[in-house]
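First the structure, in the form of structure tokens, and then the observations on it.
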Protein chains: 2
Amino acid sequence: MPAPALLVAQSGGPSMVINQSLVGAVLEARAATDRIGAVLGARHGIDGIFKRDFIDLRAPSDEQLEQVAATPSSALGSCRHKPTPEECAELLNILQEQHVGYFFYIGGNDSADTARILAEQAQARGVPLRVGHIPKTIDCDLLGNDHTPGYGSAARFVACAFRGDDLDNRALGGVKINVVMGRDAGFLTAASALARQRPDDGPHLIYVPERPFSPDRFCAEVSDALARFGRCVIAVSEGIRTEDGQPVAALFATERDSHGNLQLSGTGSLGDYLAKLVREKTGVKRVRADTFGYLQRSFPGIASPTDSAEARAVGREAVRYALSTPADTPAATILIRRKDTADYAVEFVPAPVQTVAKNTRSLPDAFLDPARPDVTDAFVRFAAPLVGPLPPAALL
Amino acid sequence: MPAPALLVAQSGGPSMVINQSLVGAVLEARAATDRIGAVLGARHGIDGIFKRDFIDLRAPSDEQLEQVAATPSSALGSCRHKPTPEECAELLNILQEQHVGYFFYIGGNDSADTARILAEQAQARGVPLRVGHIPKTIDCDLLGNDHTPGYGSAARFVACAFRGDDLDNRALGGVKINVVMGRDAGFLTAASALARQRPDDGPHLIYVPERPFSPDRFCAEVSDALARFGRCVIAVSEGIRTEDGQPVAALFATERDSHGNLQLSGTGSLGDYLAKLVREKTGVKRVRADTFGYLQRSFPGIASPTDSAEARAVGREAVRYALSTPADTPAATILIRRKDTADYAVEFVPAPVQTVAKNTRSLPDAFLDPARPDVTDAFVRFAAPLVGPLPPAALL
């Protein structure tokens with residue numbers, strides 16, 4: 001009997017380094033010639049399994065794989081599809097038919113939950129399948145992790161964008177609002193703080209979903225910043241919520257994504273709403289709003305080296321763990337834990353996939369200024385090594 | 001009598017390389033110790049002259065100046081202020097009071113026109129003032145130029161953004177609309193075409209202000225692209241106009257800038273309008289719109305090397321020309337002309353400032369596909385050396 005096949009797929013929103021994880025897993029699998037037969041990729045996540053749309057990942061050369069690793073977005077394609085129990089049964093049938101003994105799903109907490117369900121059903125049916133989750137999310141919101149692969153690079157884009165945009169605002173003045181991705185967690189918006197080099201650098205105000213948003217308080221805080229700095233640059237999470245917990249975007253957004261969630265990205269409506277509010281309430285004439293949108297997760301050429309290396313490592317470690325543990329080991333994810341050392345260092349820790357499935361984490365209180373809409377120095381110390389040094393901005 | 005002072009200022013929208021021009025002019029001026037006394041910068045364009053808000057540009061070290069040169073946005077600050085004849089008289093009085101014998105204004109066609117008026121009034125009043133214009137505009141729309149300093153770097157941002165966003169769209173599908181800066185000229189939107197490596201790479205449709213925009217035809221073209229590619233990435237100039245010449249943005253935008261122009265940037269409304277149109281008319285569920293906004297002109301770390309070098313050169317050449325020609329030489333700008341050589345090369349040609357003042361140029365017909373909303377190979381050959389090689393995108 002030939003060695004079982006290994007199948008890998010990507011799910012959810014792409015990131016700049018999700019292909020590093022793919023290539024990390026594939027290279028490790030290709031090296032295990034005695035344990036693993038075919039190395040397959042499913043196109044567009046589990047949708048590709050239903051369609052039997054597989055590609056042979058032993059075919060590309062190492063050099064080709066390295067080029068893919070350095071390319072943003074999900075090279076296998078992605079999906080946002082949470083399978084029903086019936087669909088899981090069908091998936092398992094197809095995996096058996098394809099002699100798949102190892103299945104790895106690269107994605108966020110929804111993908112982890114899909115991996116969990118598949119593993120449970122496989123066990124219940126006595127199907128010999130090892131399932132692993134390889135973490136990915138620009139939102140940095142997986143439980144049990146210090147941070148997640150994908151976050152450092154998206155945070156680098158956000159920090160660079162704010163560094164440049166703050167210079168733009170210095171030149172022409174007024175109020176500038178930038179809307180940053182993050183439905184439930186403000187980690188990415190918080191990364192705007194890394195743009196600052198000087199006490200008067202923007203962003204001057206940072207609004208995250210973890211703190212209730214009040215339009216009146218917002219306008220007062222903008223007025224205060226204008227009085228202090230003569231201008232104002234603002235970072236806002238797309239997921240900010242009113243005092244009663246409703247997304248601010250619910251005031252005007254109506255489109256929903258395939259999970260039934262309110263569409264927050266790919267629209268400028270929140271930024272435009274806030275700009276109108278500032279214009280009407282503060283009387284400032286020059287108010288502009290940009291929504292960073294999908295560039296945050298797909299812009300080529302600026303991935304964080306640390307993030308790239310860690311994304312590669314979690315892919316590699318997921319396969320290594322599956323190959324080095326007994327067949328009845330429960331489905332695992334790979335956690336990133338920061339070591340308690342002076343210089344930045346991490347370790348990769350296998351853990352039950354339940355650790356990260358379904359639920360998400362938020363910015364801890366220690367990262368949020370209790371008095372003002374801002375982050376703390378503790379957050380900057382947390383995020384800086386993940387993002388790496390930024391291009392310096394010199395003033396006259 | 002001490003040698004006259006040289007004053008330099010920046011105007012209009014910032015770019016990633018406008019400080020290269022500033023530093024090019026300043027280094028050339030500092031070297032001319034026998035001809036030029038003080039080297040001054042006015043903060044926020046001519047507004048800084050009215051306020052006598054000058055800084056000493058002999059003070060920074062060469063190293064400090066090089067750091068400023070590599071920093072996006074206008075280090076002196078900018079303004080959007082076209083002086084009245086009365087204000088010009090006041091400006092000349094202040095320049096005389098400060099012993100300014102040379103004034104250089106870095107900016108687009110409006111700044112060139114300000115330079116022209118100042119020079120004419122100086123001549124009429126017998127004030128010994130040499131005025132020069134140093135070109136800058138990300139829109140590439142100055143007459144008489146092959147291209148303008150600032151364009152290559154903004155075009156590089158746009159091309160990189162589309163390369164990454166096209167990968168994102170490959171992963172998750174649907175229709176993606178990206179709105180690019182450009183009120184009257186489509187050069188920057190056209191640069192999205194440089195993102196393509198393969199026949200099915202996006203952008204699949206490119207809409208510029210030079211061609212009338214029809215919502216019905218737009219929806220039909222999106223449907224066609226969806227049928228061909230199974231997905232669709234679209235580049236749209238913020239300045240697209242309807243058949244009767246009205247900006248499409250006029251359908252919903254109401255804010256105006258300080259020139260009385262409709263505010264096109266710093267709002268997501270055009271993208272949201274187009275996304276709604278596509279959703280309603282084509283029935284596609286996943287339709288997203290991003291507006292690249294101010295990041296296009298301010299993002300640090302991705303300036304085009306060619307653009308940076310040319311921006312430096314026009315600043316240097318403007319001062320050099322003023323110092324090497326008779327005192328009664330009319331106010332000049334520096335044009336960039338492309339040499340007719342196999343390898344890319346340019347020459348810097350002084351010309352009367354009237355050449356570039358007031359009016360702007362559009363994308364020539366040779367750069368626009370007559371049959372489809374797209375650019376021609378001739379445009380790609382034009383723009384590629386200005387932008388430089390992009391990070392490659394590898395597919396599986």
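Naming scheme: A, B, ... for chains in displayed order of the structure tokens; residues 1 onward per chain; ligands 1 onward as shown.
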
For this session: Kindly provide, as a VMD selection string, the residues of chain B having any atom no farther than 7 Å from an atom of chain A, counting only C-alpha atoms.
Result: chain B and resid 14 44 67 to 68 71 to 79 160 to 161 164 to 165 167 to 168 170 to 172 266 to 269 272 288 to 291 293 to 295 298 to 301 391 393 to 396

Excluding Val131 of chain B and residues on its chain fewer than 4 positions from it, collect all residues at most 6 Å away from it, counting only C-alpha atoms, and give them as a PDB file with C-alpha atoms, in the first residue's frame.
```pdb
ATOM      1  CA  TYR B 102      15.833  83.777  -6.820  1.00  0.00           C
ATOM      2  CA  PHE B 103      12.483  82.158  -6.176  1.00  0.00           C
ATOM      3  CA  PHE B 104      11.673  78.560  -7.096  1.00  0.00           C
ATOM      4  CA  ALA B 119       7.775  86.862 -12.753  1.00  0.00           C
ATOM      5  CA  ALA B 331      10.900  82.536 -15.883  1.00  0.00           C
TER       6      ALA B 331
END
```

Problem set entry | Surrounding residues of Glu120 of chain A excluding itself and chain neighbours under 4 positions, 9 Å, only C-alpha atoms, as a PyMOL selection string | chain A and resi 115-116+124-125+330-331

For this session: Apply DSSP to the structure's backbone, then extract all residues of segment 167-360 of chain B labelled alpha helix (DSSP H) and return them as number ranges by chain.
Result: B: 167-172, 187-190, 215-229, 269-282, 295-298, 305-324

Problem set entry | Residue neighbourhood Ala32 of chain A, 12 Å, only C-alpha atoms, exclusion window fewer than 6 positions, as a ChimeraX atom specification | /A:3-6,25-26,38-39,58,316,319-320,322-324

For this session: Choose the residue, out of A:Leu95, A:Val175, A:Ile138, A:Leu368, that has the smallest atom-to-atom separation from Leu188 of chain A; count only C-alpha atoms.
Result: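 Looking only at the distances to Leu188 of chain A, the closest residue turns out to be A:Ile138.
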